[in-house]
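Novice: Got a structure here, written out as structure tokens. Questions coming.
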Amino acid sequence: MMELQHVRRDAPWKWLRAGWQDFIKAPRVCLAYGAIFVLIGLAVSVGLTSIGMAAGIPVALSGFALVGPAFAIGLYQVSRSLERGETPRFRVVISRMPDRLSQIGFLSLLLLLLLLLWVRIAQFLLILIAPFSPLDPGPFLDFLLTDGAGLTLLTVGTLIGGALATLAFSISVLAFPLLVDRDVDAVTALVTSLRAVATQPFVLLTWAWLIAFVIGAGIAAFGIGLAITFPWIALASWHAYRDFLPAE
């Protein structure tokens with residue numbers, strides 16, 4: 001069992017500052033990585049629109065919160081390189097994959113299953129609560145905010161989605177940086193992450209809310225803001241990991 005350090009309650013704000021400092025030190029790498037993330041989201045949105053499922057775009061975008069930590073592996077390498085006094089370069093970050101890819105793949109698959117579960121639940125709720133709701137983004141948003149069935153769908157969906165996001169966060173908040181940094185297996189990393197949330201819930205749930213706010217702000221900025229907010233949060237998450245498990 002890995003020994004976790006006690007972390008101050010105001011630590012999440014320090015992690016945000018440290019992550020932003022790393023971003024400023026390697027802006028090209030971070031923006032390139034963030035742009036790829038935005039393009040993936042754009043491709044998903046265009047795909048859903050092309051098949052007449054534009055109303056599913058918010059579900060898909062919120063699903064990024066479930067699998068985001070798996071996409072952030074390269075960005076953890078940025079902060080790790082800066083720790084070592086190295087200059088992060090995009091091709092080096094992408095090519096320098098951790099040795100424990102099978103373990104990272106196992107955790108990534110677990111997050112993917114949570115994402116698929118969320119999509120299925122969202123489909124079920126739509127059929128159950130609002131089977132005749134409009135599917136175009138504008139009318140659907142108006143339906144969610146003004147119709148009784150829409151408000152019910154929004155409330156229930158938010159509660160269930162929040163529960164799944166909390167589970168995904170608890171599984172991954174320390175697990176992925178730990179697998180990048182140390183020679184451990186996926187189960188050890190997962191258990192360590194869950195223990196951190198269980199033993200210091202105030203700190204990490206505060207961190208979860210800050211992540212949701214920053215990523216939400218990125219999505220609100222027409223999604224383009226994610227090119228900045230996603231790498232920023234990923235870099236800050238590395239510093240969160242370091243507070244709980246300092247370098248050996």
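Ordered as shown in the structure tokens, chains take letters A, B, and onward, while each chain numbers its residues from 1 and ligands are numbered from 1 in the order shown.
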If you run DSSP on this backbone, which residues of region 194-246 of chain A come out as helix (DSSP H, G or I), and could you give them as a PyMOL selection string?

Specialist: chain A and resi 194-199+201-220+226-244

Novice: For the residues in that selection, give me C-alpha atoms as a PDB file, in the first residue's frame.

Specialist:
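Heads up, here's the output in result-v8.pdb:
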```
ATOM      1  CA  LEU A 194      -9.689   5.801  -4.401  1.00  0.00           C
ATOM      2  CA  ARG A 195      -7.921   5.910  -1.017  1.00  0.00           C
ATOM      3  CA  ALA A 196      -6.892   9.514  -1.599  1.00  0.00           C
ATOM      4  CA  VAL A 197     -10.499  10.524  -2.274  1.00  0.00           C
ATOM      5  CA  ALA A 198     -11.789   8.507   0.685  1.00  0.00           C
ATOM      6  CA  THR A 199      -9.245   9.845   3.191  1.00  0.00           C
ATOM      7  CA  PRO A 201     -12.480  14.043   0.351  1.00  0.00           C
ATOM      8  CA  PHE A 202     -12.732  17.788   0.958  1.00  0.00           C
ATOM      9  CA  VAL A 203      -9.516  18.549  -0.924  1.00  0.00           C
ATOM     10  CA  LEU A 204     -10.217  16.293  -3.885  1.00  0.00           C
ATOM     11  CA  LEU A 205     -13.908  17.097  -4.230  1.00  0.00           C
ATOM     12  CA  THR A 206     -12.953  20.779  -4.226  1.00  0.00           C
ATOM     13  CA  TRP A 207     -10.488  19.911  -6.958  1.00  0.00           C
ATOM     14  CA  ALA A 208     -13.229  18.076  -8.890  1.00  0.00           C
ATOM     15  CA  TRP A 209     -15.474  21.164  -8.742  1.00  0.00           C
ATOM     16  CA  LEU A 210     -12.651  23.394  -9.961  1.00  0.00           C
ATOM     17  CA  ILE A 211     -11.962  21.005 -12.839  1.00  0.00           C
ATOM     18  CA  ALA A 212     -15.652  21.023 -13.783  1.00  0.00           C
ATOM     19  CA  PHE A 213     -15.756  24.838 -13.683  1.00  0.00           C
ATOM     20  CA  VAL A 214     -12.590  25.357 -15.754  1.00  0.00           C
ATOM     21  CA  ILE A 215     -13.470  22.707 -18.339  1.00  0.00           C
ATOM     22  CA  GLY A 216     -17.041  24.023 -18.469  1.00  0.00           C
ATOM     23  CA  ALA A 217     -15.686  27.491 -19.177  1.00  0.00           C
ATOM     24  CA  GLY A 218     -13.634  26.025 -22.024  1.00  0.00           C
ATOM     25  CA  ILE A 219     -16.702  24.349 -23.508  1.00  0.00           C
ATOM     26  CA  ALA A 220     -18.760  27.522 -23.084  1.00  0.00           C
ATOM     27  CA  LEU A 226     -10.662  23.642 -24.282  1.00  0.00           C
ATOM     28  CA  ALA A 227      -7.409  24.085 -26.198  1.00  0.00           C
ATOM     29  CA  ILE A 228      -6.254  26.064 -23.150  1.00  0.00           C
ATOM     30  CA  THR A 229      -8.304  24.721 -20.262  1.00  0.00           C
ATOM     31  CA  PHE A 230      -7.741  21.013 -20.957  1.00  0.00           C
ATOM     32  CA  PRO A 231      -3.917  21.146 -20.919  1.00  0.00           C
ATOM     33  CA  TRP A 232      -4.008  23.589 -18.000  1.00  0.00           C
ATOM     34  CA  ILE A 233      -6.068  21.166 -15.892  1.00  0.00           C
ATOM     35  CA  ALA A 234      -3.908  18.203 -16.963  1.00  0.00           C
ATOM     36  CA  LEU A 235      -0.716  19.988 -15.895  1.00  0.00           C
ATOM     37  CA  ALA A 236      -2.323  21.046 -12.619  1.00  0.00           C
ATOM     38  CA  SER A 237      -3.391  17.429 -12.042  1.00  0.00           C
ATOM     39  CA  TRP A 238       0.244  16.391 -12.175  1.00  0.00           C
ATOM     40  CA  HIS A 239       0.989  18.778  -9.318  1.00  0.00           C
ATOM     41  CA  ALA A 240      -1.988  17.383  -7.408  1.00  0.00           C
ATOM     42  CA  TYR A 241      -0.444  13.934  -7.786  1.00  0.00           C
ATOM     43  CA  ARG A 242       2.932  15.231  -6.623  1.00  0.00           C
ATOM     44  CA  ASP A 243       1.409  16.662  -3.453  1.00  0.00           C
ATOM     45  CA  PHE A 244      -0.028  13.272  -2.533  1.00  0.00           C
TER      46      PHE A 244
END
```

Novice: Please identify all polymer residues within 9 Å of Met2 (chain A), counting only C-alpha atoms, omitting same-chain residues fewer than 6 positions from it, and present them as a list in words.

Specialist: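 Neighbouring residues, sequence-local ones excluded: Thr188, Thr192 and Leu245 of chain A.
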
Novice: Using the selection just defined, write its residues with N, CA, C and O atoms as a PDB file, in the first residue's frame.

Specialist:
```
ATOM      1  N   THR A 188      -3.084  -1.250  -8.272  1.00  0.00           N
ATOM      2  CA  THR A 188      -2.445  -0.443  -7.219  1.00  0.00           C
ATOM      3  C   THR A 188      -2.724   1.037  -7.442  1.00  0.00           C
ATOM      4  O   THR A 188      -3.044   1.768  -6.495  1.00  0.00           O
ATOM      5  N   THR A 192      -4.970   3.350  -4.939  1.00  0.00           N
ATOM      6  CA  THR A 192      -4.330   4.536  -4.360  1.00  0.00           C
ATOM      7  C   THR A 192      -5.174   5.780  -4.603  1.00  0.00           C
ATOM      8  O   THR A 192      -5.361   6.613  -3.710  1.00  0.00           O
ATOM      9  N   LEU A 245       1.877  12.203  -3.624  1.00  0.00           N
ATOM     10  CA  LEU A 245       2.956  11.226  -3.763  1.00  0.00           C
ATOM     11  C   LEU A 245       4.189  11.929  -4.305  1.00  0.00           C
ATOM     12  O   LEU A 245       4.422  11.959  -5.521  1.00  0.00           O
TER      13      LEU A 245
END
```

Novice: Just want the 12 Å neighbourhood of Leu144 (chain A), counted on only C-alpha atoms, with same-chain residues fewer than 4 positions away dropped. Output as a VMD selection string.

Specialist: chain A and resid 55 58 126 129 to 130 133 to 140 148 to 158

Novice: Closest to Glu248 (chain A) among A:Leu178, A:Ile224, A:Ile57, A:Ala11, using only C-alpha atoms?

Specialist: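 Under the stated criterion, the closest residue is A:Leu178.
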
Novice: From the list A:Asp10, A:Asp185, A:Asp142, A:Asp147, which residue is nearest Leu107 (chain A) when using only C-alpha atoms?

Specialist: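 Going through A:Asp10, A:Asp185, A:Asp142, A:Asp147 one by one, the smallest distance to Leu107 (chain A) is for A:Asp185.
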
Novice: How far is it from CA of Pro69 (chain A) to CA of Val180 (chain A), in Å with one decimal?

Specialist: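 Computing the Euclidean distance for CA of Pro69 (chain A) and CA of Val180 (chain A) yields 11.7 Å.
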
Novice: Could you tell me which of A:Leu159, A:Ala72, A:Val173, A:Val78 comes closest to Gly34 (chain A) if we count only C-alpha atoms?

Specialist: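 Using only C-alpha atoms, the shortest distance to Gly34 (chain A) belongs to A:Ala72.
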
Novice: Can you work out which one of A:Leu128, A:Trp118, A:Glu3, A:Leu145 has the shortest atom-to-atom distance to Ala65 (chain A), counting only C-alpha atoms?

Specialist: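 Comparing A:Leu128, A:Trp118, A:Glu3, A:Leu145 against Ala65 (chain A), the winner is A:Trp118.
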
Novice: Please list as a short mmCIF file (atom, residue, chain, number, x, y, z; two decimals) with N, CA, C and O atoms, in the first residue's frame every residue within 12 Å of Thr87 (chain A), counting only C-alpha atoms and excluding residues in the same chain fewer than 4 positions away.

Specialist:
```
data_model
loop_
_atom_site.label_atom_id
_atom_site.label_comp_id
_atom_site.auth_asym_id
_atom_site.auth_seq_id
_atom_site.Cartn_x
_atom_site.Cartn_y
_atom_site.Cartn_z
N ASP A 22 3.46 25.89 -15.68
CA ASP A 22 3.97 24.89 -16.63
C ASP A 22 3.48 25.19 -18.04
O ASP A 22 4.22 25.03 -19.01
N LYS A 25 5.51 27.82 -19.62
CA LYS A 25 6.86 27.35 -19.96
C LYS A 25 6.89 26.49 -21.22
O LYS A 25 7.94 26.36 -21.85
N ALA A 26 5.76 25.90 -21.57
CA ALA A 26 5.71 25.04 -22.76
C ALA A 26 4.42 25.30 -23.54
O ALA A 26 3.61 24.38 -23.75
N PRO A 27 4.19 26.55 -23.98
CA PRO A 27 2.90 26.89 -24.60
C PRO A 27 2.63 26.17 -25.91
O PRO A 27 1.49 25.79 -26.19
N ARG A 28 3.65 25.97 -26.73
CA ARG A 28 3.43 25.34 -28.03
C ARG A 28 2.97 23.89 -27.86
O ARG A 28 2.03 23.45 -28.53
N VAL A 29 3.65 23.18 -27.00
CA VAL A 29 3.29 21.78 -26.76
C VAL A 29 1.87 21.70 -26.22
O VAL A 29 1.04 20.90 -26.68
N GLN A 77 3.56 14.16 -19.05
CA GLN A 77 4.97 14.09 -19.42
C GLN A 77 5.60 15.47 -19.51
O GLN A 77 6.79 15.65 -19.27
N VAL A 78 4.78 16.48 -19.86
CA VAL A 78 5.29 17.86 -19.94
C VAL A 78 5.74 18.32 -18.56
O VAL A 78 6.88 18.80 -18.38
N SER A 79 4.87 18.19 -17.57
CA SER A 79 5.23 18.61 -16.21
C SER A 79 6.38 17.77 -15.67
O SER A 79 7.26 18.29 -14.97
N ARG A 80 6.37 16.51 -15.99
CA ARG A 80 7.47 15.63 -15.52
C ARG A 80 8.80 16.06 -16.12
O ARG A 80 9.82 16.07 -15.44
N SER A 81 8.79 16.43 -17.41
CA SER A 81 10.01 16.90 -18.06
C SER A 81 10.50 18.21 -17.44
O SER A 81 11.71 18.39 -17.21
N LEU A 82 9.57 19.12 -17.16
CA LEU A 82 9.95 20.39 -16.54
C LEU A 82 10.55 20.16 -15.16
O LEU A 82 11.48 20.86 -14.76
N GLU A 83 10.03 19.20 -14.42
CA GLU A 83 10.60 18.85 -13.11
C GLU A 83 12.07 18.47 -13.24
O GLU A 83 12.88 18.76 -12.37
N ARG A 91 6.89 16.32 -30.22
CA ARG A 91 7.14 14.97 -30.76
C ARG A 91 7.77 14.07 -29.70
O ARG A 91 7.55 12.86 -29.70
N VAL A 92 8.54 14.67 -28.79
CA VAL A 92 9.16 13.86 -27.73
C VAL A 92 8.09 13.43 -26.73
O VAL A 92 8.06 12.26 -26.29
N VAL A 93 7.19 14.34 -26.39
CA VAL A 93 6.12 14.03 -25.44
C VAL A 93 5.23 12.91 -25.99
O VAL A 93 4.85 11.99 -25.28
#
```

Novice: Show me, as a short mmCIF file (atom, residue, chain, number, x, y, z; two decimals) with N, CA and C atoms, in the first residue's frame, the residues that have an atom within 9 Å of Leu117 (chain A) when counting only C-alpha atoms, minus same-chain residues fewer than 5 positions from it.

Specialist:
```
data_model
loop_
_atom_site.label_atom_id
_atom_site.label_comp_id
_atom_site.auth_asym_id
_atom_site.auth_seq_id
_atom_site.Cartn_x
_atom_site.Cartn_y
_atom_site.Cartn_z
N LEU A 112 -13.65 4.15 -20.49
CA LEU A 112 -14.45 4.07 -21.71
C LEU A 112 -15.78 3.36 -21.43
N ALA A 122 -28.20 8.08 -20.89
CA ALA A 122 -28.76 9.31 -21.46
C ALA A 122 -29.83 8.97 -22.50
N LEU A 164 -21.57 9.47 -12.08
CA LEU A 164 -20.61 8.74 -12.91
C LEU A 164 -19.30 9.53 -13.03
#
```

Novice: Show which residues sit within 9 Å of Thr166 (chain A), as a PDB file with N, CA, C and O atoms, in the first residue's frame. Count only C-alpha atoms, and ignore same-chain residues fewer than 4 positions away.

Specialist:
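out_7.pdb, freshly written:
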```pdb
ATOM      1  N   LEU A  66     -15.239  12.077 -18.399  1.00  0.00           N
ATOM      2  CA  LEU A  66     -15.009  10.711 -17.933  1.00  0.00           C
ATOM      3  C   LEU A  66     -13.691  10.147 -18.464  1.00  0.00           C
ATOM      4  O   LEU A  66     -12.985   9.429 -17.760  1.00  0.00           O
ATOM      5  N   GLY A 161     -25.264  11.785 -14.272  1.00  0.00           N
ATOM      6  CA  GLY A 161     -23.987  12.114 -14.900  1.00  0.00           C
ATOM      7  C   GLY A 161     -22.956  12.558 -13.878  1.00  0.00           C
ATOM      8  O   GLY A 161     -21.781  12.195 -13.966  1.00  0.00           O
ATOM      9  N   GLY A 162     -23.404  13.325 -12.879  1.00  0.00           N
ATOM     10  CA  GLY A 162     -22.491  13.767 -11.826  1.00  0.00           C
ATOM     11  C   GLY A 162     -21.957  12.605 -11.014  1.00  0.00           C
ATOM     12  O   GLY A 162     -20.784  12.579 -10.631  1.00  0.00           O
ATOM     13  N   SER A 170     -12.690   9.713  -9.106  1.00  0.00           N
ATOM     14  CA  SER A 170     -12.095   8.996  -7.974  1.00  0.00           C
ATOM     15  C   SER A 170     -11.147   7.897  -8.451  1.00  0.00           C
ATOM     16  O   SER A 170     -10.102   7.645  -7.847  1.00  0.00           O
ATOM     17  N   ILE A 171     -11.501   7.258  -9.544  1.00  0.00           N
ATOM     18  CA  ILE A 171     -10.675   6.183 -10.095  1.00  0.00           C
ATOM     19  C   ILE A 171      -9.372   6.724 -10.667  1.00  0.00           C
ATOM     20  O   ILE A 171      -8.316   6.116 -10.531  1.00  0.00           O
ATOM     21  N   LEU A 205     -12.619  16.695  -3.678  1.00  0.00           N
ATOM     22  CA  LEU A 205     -13.908  17.097  -4.230  1.00  0.00           C
ATOM     23  C   LEU A 205     -13.900  18.586  -4.593  1.00  0.00           C
ATOM     24  O   LEU A 205     -14.541  18.995  -5.565  1.00  0.00           O
ATOM     25  N   ALA A 208     -12.293  18.531  -7.865  1.00  0.00           N
ATOM     26  CA  ALA A 208     -13.229  18.076  -8.890  1.00  0.00           C
ATOM     27  C   ALA A 208     -14.135  19.223  -9.344  1.00  0.00           C
ATOM     28  O   ALA A 208     -14.397  19.391 -10.548  1.00  0.00           O
TER      29      ALA A 208
END
```

Novice: CA of Leu179 (chain A) and CA of Val38 (chain A) are how many Å apart?

Specialist: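 Separation of CA of Leu179 (chain A) and CA of Val38 (chain A): 24.9 Å.
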
Novice: Any idea what the distance is between CA of Leu116 (chain A) and CA of Phe176 (chain A)?

Specialist: 20.0 Å

Novice: Could you tell me which of A:Cys30, A:Leu61, A:Val44, A:Ile73 comes closest to Leu101 (chain A) if we count only C-alpha atoms?

Specialist: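 Distance minimum relative to Leu101 (chain A) lands on A:Ile73.
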